[in-house]
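Enquirer: The file below is start_15.cif, mmCIF, C-alpha atoms:
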data_final
loop_
_atom_site.label_atom_id
_atom_site.label_comp_id
_atom_site.auth_asym_id
_atom_site.auth_seq_id
_atom_site.Cartn_x
_atom_site.Cartn_y
_atom_site.Cartn_z
CA MET A 1 118.31 206.05 233.15
CA LEU A 2 115.45 203.60 233.68
CA VAL A 3 113.87 202.08 230.57
CA ILE A 4 110.48 200.51 231.23
CA LEU A 5 109.14 197.84 228.87
CA SER A 6 105.41 197.13 229.13
CA GLY A 7 102.85 195.12 227.27
CA VAL A 8 100.50 192.27 228.00
CA ALA A 9 101.87 188.89 229.06
CA GLY A 10 103.42 187.30 225.98
CA SER A 11 104.25 190.59 224.22
CA GLY A 12 107.99 189.84 224.32
CA LYS A 13 109.20 192.05 227.19
CA ASP A 14 111.51 189.48 228.75
CA THR A 15 112.92 188.28 225.41
CA ILE A 16 113.74 191.84 224.33
CA LYS A 17 115.25 192.67 227.72
CA LYS A 18 117.55 189.63 227.50
CA GLU A 19 118.64 190.61 223.97
CA LEU A 20 119.44 194.20 225.03
CA ILE A 21 121.58 192.97 227.93
CA LYS A 22 123.32 190.35 225.77
CA ARG A 23 124.27 192.93 223.11
CA THR A 24 125.69 195.70 225.31
CA ASP A 25 127.83 196.15 228.39
CA TYR A 26 125.97 199.23 229.65
CA ILE A 27 122.47 197.78 230.06
CA THR A 28 121.37 195.80 233.10
CA SER A 29 118.10 194.34 234.32
CA LEU A 30 116.08 195.14 237.41
CA PRO A 31 114.17 192.06 238.51
CA SER A 32 110.86 192.51 240.30
CA TYR A 33 110.00 190.72 243.49
CA THR A 34 107.16 188.25 243.02
CA SER A 35 105.15 185.72 244.95
CA ARG A 36 104.51 183.58 241.86
CA PRO A 37 106.10 180.12 241.69
CA ILE A 38 109.40 179.66 239.89
CA ARG A 39 108.92 178.36 236.34
CA GLU A 40 111.24 176.43 234.09
CA GLY A 41 113.92 178.81 232.83
CA ASP A 42 113.59 181.27 235.72
CA VAL A 43 116.80 182.30 237.49
CA GLU A 44 116.52 183.64 241.03
CA GLY A 45 117.70 187.25 241.15
CA GLN A 46 117.72 187.59 237.37
CA THR A 47 114.23 186.75 236.14
CA TYR A 48 112.62 187.69 239.45
CA CYS A 49 113.38 187.71 243.15
CA PHE A 50 111.08 184.95 244.37
CA VAL A 51 109.44 185.19 247.79
CA THR A 52 106.37 183.70 249.39
CA LYS A 53 103.14 185.67 249.59
CA GLU A 54 103.77 186.15 253.31
CA GLU A 55 107.35 187.40 252.72
CA PHE A 56 106.08 189.82 250.06
CA GLU A 57 103.40 191.16 252.40
CA ALA A 58 106.01 191.66 255.15
CA LYS A 59 108.24 193.62 252.75
CA LEU A 60 105.22 195.63 251.69
CA LYS A 61 104.39 196.42 255.30
CA ASP A 62 108.01 197.52 255.86
CA GLY A 63 107.81 199.95 252.91
CA GLU A 64 110.43 198.16 250.81
CA PHE A 65 108.71 198.71 247.44
CA TYR A 66 108.40 201.76 245.19
CA GLU A 67 105.31 200.17 243.71
CA TYR A 68 103.53 196.85 243.63
CA ASP A 69 100.52 195.23 242.02
CA VAL A 70 98.67 191.92 241.93
CA HIS A 71 98.48 190.08 238.61
CA HIS A 72 97.10 186.65 237.95
CA ASN A 73 96.74 186.21 241.73
CA ASN A 74 100.44 186.93 242.44
CA TYR A 75 102.24 189.96 243.85
CA TYR A 76 104.84 191.86 241.79
CA GLY A 77 106.84 194.80 243.11
CA THR A 78 109.84 197.08 242.53
CA SER A 79 112.36 197.02 245.37
CA LYS A 80 113.60 200.44 246.50
CA LYS A 81 116.95 198.98 247.56
CA LEU A 82 117.58 197.10 244.28
CA LEU A 83 116.57 200.05 242.09
CA ASN A 84 118.72 202.51 244.04
CA GLU A 85 121.72 200.15 243.81
CA LYS A 86 121.24 199.79 240.04
CA ILE A 87 120.90 203.57 239.56
CA ALA A 88 124.14 204.09 241.52
CA SER A 89 125.93 201.68 239.13
CA GLY A 90 125.52 204.20 236.29
CA LYS A 91 124.18 201.61 233.86
CA VAL A 92 120.98 201.85 231.86
CA ILE A 93 118.38 199.83 233.73
CA VAL A 94 115.75 197.89 231.76
CA LYS A 95 112.68 196.77 233.66
CA ASP A 96 109.59 195.01 232.41
CA ILE A 97 106.51 196.07 234.29
CA ASP A 98 102.76 196.47 233.83
CA VAL A 99 100.94 199.71 233.03
CA ASN A 100 100.03 200.47 236.66
CA GLY A 101 103.62 200.06 237.78
CA THR A 102 104.79 202.26 234.92
CA GLU A 103 102.51 205.09 235.97
CA ASN A 104 103.62 204.79 239.60
CA LEU A 105 107.36 204.66 238.85
CA LYS A 106 107.19 207.61 236.43
CA GLU A 107 105.55 209.70 239.12
CA LEU A 108 107.80 208.56 241.98
CA LEU A 109 111.09 208.93 240.10
CA LYS A 110 110.38 211.96 237.88
CA ASN A 111 112.60 214.34 239.88
CA ASP A 112 115.50 211.92 240.42
CA THR A 113 115.86 209.58 237.45
CA LYS A 114 115.26 209.81 233.73
CA VAL A 115 112.48 207.32 232.94
CA VAL A 116 111.84 206.23 229.32
CA THR A 117 108.70 204.18 228.74
CA ILE A 118 108.11 201.75 225.85
CA PHE A 119 104.93 199.77 225.21
CA LEU A 120 105.17 196.59 223.11
CA ARG A 121 102.04 195.95 221.06
CA VAL A 122 101.02 192.54 219.79
CA PRO A 123 97.69 191.70 218.09
CA LYS A 124 95.37 189.72 220.37
CA GLU A 125 95.37 186.66 218.07
CA GLU A 126 99.19 186.62 218.01
CA LEU A 127 99.27 187.01 221.77
CA GLN A 128 97.02 183.98 222.21
CA ARG A 129 99.25 181.95 219.88
CA ARG A 130 102.37 182.98 221.84
CA LEU A 131 100.78 182.08 225.17
CA GLU A 132 99.69 178.67 223.86
CA THR A 133 103.20 177.85 222.57
CA ARG A 134 105.28 179.14 225.51
CA VAL A 135 107.80 176.79 227.10
CA ASP A 136 106.06 177.33 230.45
CA LYS A 137 102.70 176.86 228.75
CA PRO A 138 99.98 178.32 230.95
CA GLY A 139 96.72 176.43 231.32
CA PRO A 140 93.49 177.50 229.57
CA ASP A 141 92.26 179.46 232.61
CA GLU A 142 95.52 181.41 232.88
CA ILE A 143 95.52 182.15 229.13
CA LYS A 144 91.96 183.46 229.44
CA LEU A 145 92.95 185.58 232.45
CA ARG A 146 95.87 187.11 230.53
CA LEU A 147 93.81 187.75 227.39
CA ASN A 148 91.11 189.44 229.49
CA ARG A 149 93.71 192.00 230.59
CA PHE A 150 94.59 192.84 226.96
CA ASP A 151 92.04 195.65 226.50
CA TYR A 152 92.95 197.30 229.81
CA GLU A 153 96.68 197.31 229.00
CA GLU A 154 96.02 198.65 225.49
CA SER A 155 93.82 201.43 226.89
CA ARG A 156 96.83 202.81 228.81
CA ILE A 157 99.13 203.28 225.80
CA GLY A 158 98.91 207.07 226.21
CA LEU A 159 101.22 206.80 229.25
CA TYR A 160 104.16 205.74 227.10
CA ASP A 161 106.89 207.70 225.36
CA TYR A 162 107.15 205.06 222.62
CA VAL A 163 104.84 202.36 221.26
CA ILE A 164 106.37 199.56 219.17
CA LYS A 165 104.57 196.83 217.28
CA ASN A 166 106.58 193.77 218.32
CA ASN A 167 106.13 191.40 215.40
CA ASP A 168 109.84 191.06 214.53
CA LEU A 169 112.30 190.50 217.39
CA GLU A 170 115.39 191.80 215.60
CA LYS A 171 113.64 194.92 214.34
CA SER A 172 112.15 195.63 217.80
CA VAL A 173 115.53 195.23 219.52
CA GLN A 174 117.19 197.55 217.00
CA ILE A 175 114.47 200.20 217.45
CA ILE A 176 114.77 200.04 221.24
CA MET A 177 118.58 200.23 221.12
CA THR A 178 118.25 203.35 218.95
CA ILE A 179 115.75 204.85 221.41
CA ILE A 180 118.14 204.20 224.32
CA GLU A 181 121.12 205.68 222.46
CA ASN A 182 119.11 208.78 221.49
CA GLU A 183 117.74 209.25 225.01
CA LEU A 184 121.26 208.91 226.47
CA ARG A 185 122.54 211.51 224.00
CA VAL A 186 119.77 213.95 224.99
CA GLU A 187 120.36 213.28 228.69
CA ASN A 188 124.09 214.04 228.37
CA GLU A 189 123.82 217.19 226.24
CA GLU A 190 124.53 220.47 227.94
CA PHE A 191 122.13 223.34 227.38
#
What's the structure tokens form of this structure?

Expert:
Amino acid sequence: MLVILSGVAGSGKDTIKKELIKRTDYITSLPSYTSRPIREGDVEGQTYCFVTKEEFEAKLKDGEFYEYDVHHNNYYGTSKKLLNEKIASGKVIVKDIDVNGTENLKELLKNDTKVVTIFLRVPKEELQRRLETRVDKPGPDEIKLRLNRFDYEESRIGLYDYVIKNNDLEKSVQIIMTIIENELRVENEEF
């Protein structure tokens, strides 16, 4: 099963993903490939698989991605090889991805893999506060760029199976763990 977490930058996707993995032995992460620079706290192969823009474009040309998109002037994409390896492991895969990637993966995988989609909502004012206080504090132009995407991301909420207001980390993690457990139960029931 693939669990997709979406929401604007700063909505808590990565923090929740880390908590889910830390608390269970059956959940794993699927890092995206990206051309963005490594930031403080990033771990190659865990946070992202970092490549240059030219390396990303070569992989794209070779058909190595299920989907890709450009955000904040950087490429992000889902590796076919990595996803297929994770699916074969039998674990629940948690991936944070934008709304365009969510739509593409749901369509591409609908006949092969159960895909559960969760959108994390955060009020715009809270989002701005989070972006301004991040460890890897983006500059004013990047904050503006991310806030400008807010309305677009929010307009795509209808794509998602679940929408969670992420204003309490512990509560959000508990809700998502319950969703995963319920979805696993439904997936394993015989009819």

Enquirer: Let me make sure I understand: among A:Lys171, A:Lys59, A:Lys165, A:His71, which one has the smallest atom-to-atom distance to Val122 (chain A) if we use all atoms listed in the file?

Expert: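 Looking only at the distances to Val122 (chain A), the closest residue turns out to be A:Lys165.
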
Enquirer: So which one's closest to Tyr66 (chain A), A:Gln46, A:Ser89, A:Ser32, A:Ser6? Using all atoms listed in the file, please.

Expert: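 Of A:Gln46, A:Ser89, A:Ser32, A:Ser6, the one nearest Tyr66 (chain A), counting all atoms listed in the file, is A:Ser32.
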
Enquirer: From the list A:Ser172, A:Asn111, A:Thr117, A:Asn188, which residue is nearest Leu5 (chain A) when using only C-alpha atoms?

Expert: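 Answer, going by the shortest atom-to-atom distance: A:Thr117.
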
Enquirer: Residues within 12 Å of Leu30 (chain A), please, as JSON, numbers by chain. Count all atoms listed in the file; anything in the same chain fewer than 3 positions from it doesn't count.

Expert: {"A": [1, 2, 3, 4, 5, 14, 17, 18, 21, 27, 33, 45, 46, 47, 48, 49, 77, 78, 79, 80, 81, 82, 83, 84, 85, 86, 87, 89, 91, 92, 93, 94, 95, 96, 97]}

Enquirer: Just to be explicit: take each residue in the selection above, keep C-alpha atoms, and write the result as a PDB file, in the frame of the given file.

Expert:
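Once everything was written out, this is selection-v3.pdb:
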ATOM      1  CA  MET A   1     118.310 206.050 233.150  1.00  0.00           C
ATOM      2  CA  LEU A   2     115.450 203.600 233.680  1.00  0.00           C
ATOM      3  CA  VAL A   3     113.870 202.080 230.570  1.00  0.00           C
ATOM      4  CA  ILE A   4     110.480 200.510 231.230  1.00  0.00           C
ATOM      5  CA  LEU A   5     109.140 197.840 228.870  1.00  0.00           C
ATOM      6  CA  ASP A  14     111.510 189.480 228.750  1.00  0.00           C
ATOM      7  CA  LYS A  17     115.250 192.670 227.720  1.00  0.00           C
ATOM      8  CA  LYS A  18     117.550 189.630 227.500  1.00  0.00           C
ATOM      9  CA  ILE A  21     121.580 192.970 227.930  1.00  0.00           C
ATOM     10  CA  ILE A  27     122.470 197.780 230.060  1.00  0.00           C
ATOM     11  CA  TYR A  33     110.000 190.720 243.490  1.00  0.00           C
ATOM     12  CA  GLY A  45     117.700 187.250 241.150  1.00  0.00           C
ATOM     13  CA  GLN A  46     117.720 187.590 237.370  1.00  0.00           C
ATOM     14  CA  THR A  47     114.230 186.750 236.140  1.00  0.00           C
ATOM     15  CA  TYR A  48     112.620 187.690 239.450  1.00  0.00           C
ATOM     16  CA  CYS A  49     113.380 187.710 243.150  1.00  0.00           C
ATOM     17  CA  GLY A  77     106.840 194.800 243.110  1.00  0.00           C
ATOM     18  CA  THR A  78     109.840 197.080 242.530  1.00  0.00           C
ATOM     19  CA  SER A  79     112.360 197.020 245.370  1.00  0.00           C
ATOM     20  CA  LYS A  80     113.600 200.440 246.500  1.00  0.00           C
ATOM     21  CA  LYS A  81     116.950 198.980 247.560  1.00  0.00           C
ATOM     22  CA  LEU A  82     117.580 197.100 244.280  1.00  0.00           C
ATOM     23  CA  LEU A  83     116.570 200.050 242.090  1.00  0.00           C
ATOM     24  CA  ASN A  84     118.720 202.510 244.040  1.00  0.00           C
ATOM     25  CA  GLU A  85     121.720 200.150 243.810  1.00  0.00           C
ATOM     26  CA  LYS A  86     121.240 199.790 240.040  1.00  0.00           C
ATOM     27  CA  ILE A  87     120.900 203.570 239.560  1.00  0.00           C
ATOM     28  CA  SER A  89     125.930 201.680 239.130  1.00  0.00           C
ATOM     29  CA  LYS A  91     124.180 201.610 233.860  1.00  0.00           C
ATOM     30  CA  VAL A  92     120.980 201.850 231.860  1.00  0.00           C
ATOM     31  CA  ILE A  93     118.380 199.830 233.730  1.00  0.00           C
ATOM     32  CA  VAL A  94     115.750 197.890 231.760  1.00  0.00           C
ATOM     33  CA  LYS A  95     112.680 196.770 233.660  1.00  0.00           C
ATOM     34  CA  ASP A  96     109.590 195.010 232.410  1.00  0.00           C
ATOM     35  CA  ILE A  97     106.510 196.070 234.290  1.00  0.00           C
TER      36      ILE A  97
END

Enquirer: For region 12-103 of chain A versus region 151-164 of chain A, which residues have an atom no more than 9 Å away, and what is each residue's nearest atom pair and distance in Å rounded to one decimal, using all atoms listed in the file, chain-then-number order, as JSON lines?

Expert:
{"residue": "A:Asp98", "atom": "CA", "partner": "A:Glu153", "partner_atom": "CA", "distance": 7.8}
{"residue": "A:Val99", "atom": "CA", "partner": "A:Glu153", "partner_atom": "CA", "distance": 6.3}
{"residue": "A:Asn100", "atom": "CA", "partner": "A:Arg156", "partner_atom": "CA", "distance": 8.8}
{"residue": "A:Thr102", "atom": "CA", "partner": "A:Leu159", "partner_atom": "CA", "distance": 8.1}
{"residue": "A:Glu103", "atom": "CA", "partner": "A:Leu159", "partner_atom": "CA", "distance": 7.1}

Enquirer: For CA of Asp62 (chain A) and CA of Ile38 (chain A), determine how far apart the two atoms are, in Å to one decimal place.

Expert: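 We find that CA of Asp62 (chain A) and CA of Ile38 (chain A) lie 24.0 Å from each other.
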
Enquirer: How big is the axis-aligned box, and where does its centre sit, when it encloses all atoms of region 70-85 of chain A listed in the file and has 5 Å added on every side, reported in Å to one decimal as JSON?

Expert:
{"center_x": 109.2, "center_y": 194.4, "center_z": 242.8, "size_x": 35.0, "size_y": 26.3, "size_z": 19.6}

Enquirer: So how many Å separate CA of Lys53 (chain A) and CA of Ser35 (chain A), to one decimal?

Expert: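 Separation between CA of Lys53 (chain A) and CA of Ser35 (chain A): 5.1 Å.
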
Enquirer: Restricting the calculation to all atoms listed in the file, which member of A:Asp112, A:Glu19, A:Asp69, A:Glu44 is positioned closest to Ile176 (chain A)?

Expert: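 Between A:Asp112, A:Glu19, A:Asp69, A:Glu44, the residue approaching Ile176 (chain A) most closely is A:Glu19.
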
Enquirer: Considering all atoms listed in the file, state which residue in the set A:Val173, A:Ile179, A:Val186, A:Val8 is at the smallest distance from Leu20 (chain A).

Expert: A:Val173

Enquirer: Suppose you want the space between CA of Asp25 (chain A) and CA of Phe50 (chain A); what is it in Å?

Expert: 25.7 Å

Enquirer: For the provided coordinates, the residues matched by the PyMOL selection byres ((chain A and resi 72) around 12) should be stated as a tab-separated table (two decimals) with C-alpha atoms, keeping the file's coordinate frame.

Expert:
chain	number	residue	atom	x	y	z
A	8	VAL	CA	100.50	192.27	228.00
A	9	ALA	CA	101.87	188.89	229.06
A	34	THR	CA	107.16	188.25	243.02
A	35	SER	CA	105.15	185.72	244.95
A	36	ARG	CA	104.51	183.58	241.86
A	37	PRO	CA	106.10	180.12	241.69
A	69	ASP	CA	100.52	195.23	242.02
A	70	VAL	CA	98.67	191.92	241.93
A	71	HIS	CA	98.48	190.08	238.61
A	73	ASN	CA	96.74	186.21	241.73
A	74	ASN	CA	100.44	186.93	242.44
A	75	TYR	CA	102.24	189.96	243.85
A	76	TYR	CA	104.84	191.86	241.79
A	138	PRO	CA	99.98	178.32	230.95
A	141	ASP	CA	92.26	179.46	232.61
A	142	GLU	CA	95.52	181.41	232.88
A	143	ILE	CA	95.52	182.15	229.13
A	144	LYS	CA	91.96	183.46	229.44
A	145	LEU	CA	92.95	185.58	232.45
A	146	ARG	CA	95.87	187.11	230.53
A	147	LEU	CA	93.81	187.75	227.39
A	148	ASN	CA	91.11	189.44	229.49
A	149	ARG	CA	93.71	192.00	230.59

Enquirer: Tell me which of A:Tyr68, A:Thr52, A:Gln174, A:Gly10 sits closest to Leu127 (chain A), counting all atoms listed in the file.

Expert: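 Looking at the shortest contact to Leu127 (chain A), the residue is A:Gly10.
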
Enquirer: Expanded to explicit residues, what is the PyMOL selection byres ((chain A and resi 187) around 12) for this file, as a VMD selection string?

Expert: chain A and resid 1 to 2 92 113 to 116 180 to 186 188 to 191

Enquirer: Keeping only C-alpha atoms, write those residues as an mmCIF file, in the frame of the given file.

Expert:
data_model
loop_
_atom_site.group_PDB
_atom_site.id
_atom_site.type_symbol
_atom_site.label_atom_id
_atom_site.label_comp_id
_atom_site.auth_asym_id
_atom_site.auth_seq_id
_atom_site.Cartn_x
_atom_site.Cartn_y
_atom_site.Cartn_z
ATOM 1 C CA MET A 1 118.310 206.050 233.150
ATOM 2 C CA LEU A 2 115.450 203.600 233.680
ATOM 3 C CA VAL A 92 120.980 201.850 231.860
ATOM 4 C CA THR A 113 115.860 209.580 237.450
ATOM 5 C CA LYS A 114 115.260 209.810 233.730
ATOM 6 C CA VAL A 115 112.480 207.320 232.940
ATOM 7 C CA VAL A 116 111.840 206.230 229.320
ATOM 8 C CA ILE A 180 118.140 204.200 224.320
ATOM 9 C CA GLU A 181 121.120 205.680 222.460
ATOM 10 C CA ASN A 182 119.110 208.780 221.490
ATOM 11 C CA GLU A 183 117.740 209.250 225.010
ATOM 12 C CA LEU A 184 121.260 208.910 226.470
ATOM 13 C CA ARG A 185 122.540 211.510 224.000
ATOM 14 C CA VAL A 186 119.770 213.950 224.990
ATOM 15 C CA ASN A 188 124.090 214.040 228.370
ATOM 16 C CA GLU A 189 123.820 217.190 226.240
ATOM 17 C CA GLU A 190 124.530 220.470 227.940
ATOM 18 C CA PHE A 191 122.130 223.340 227.380
#
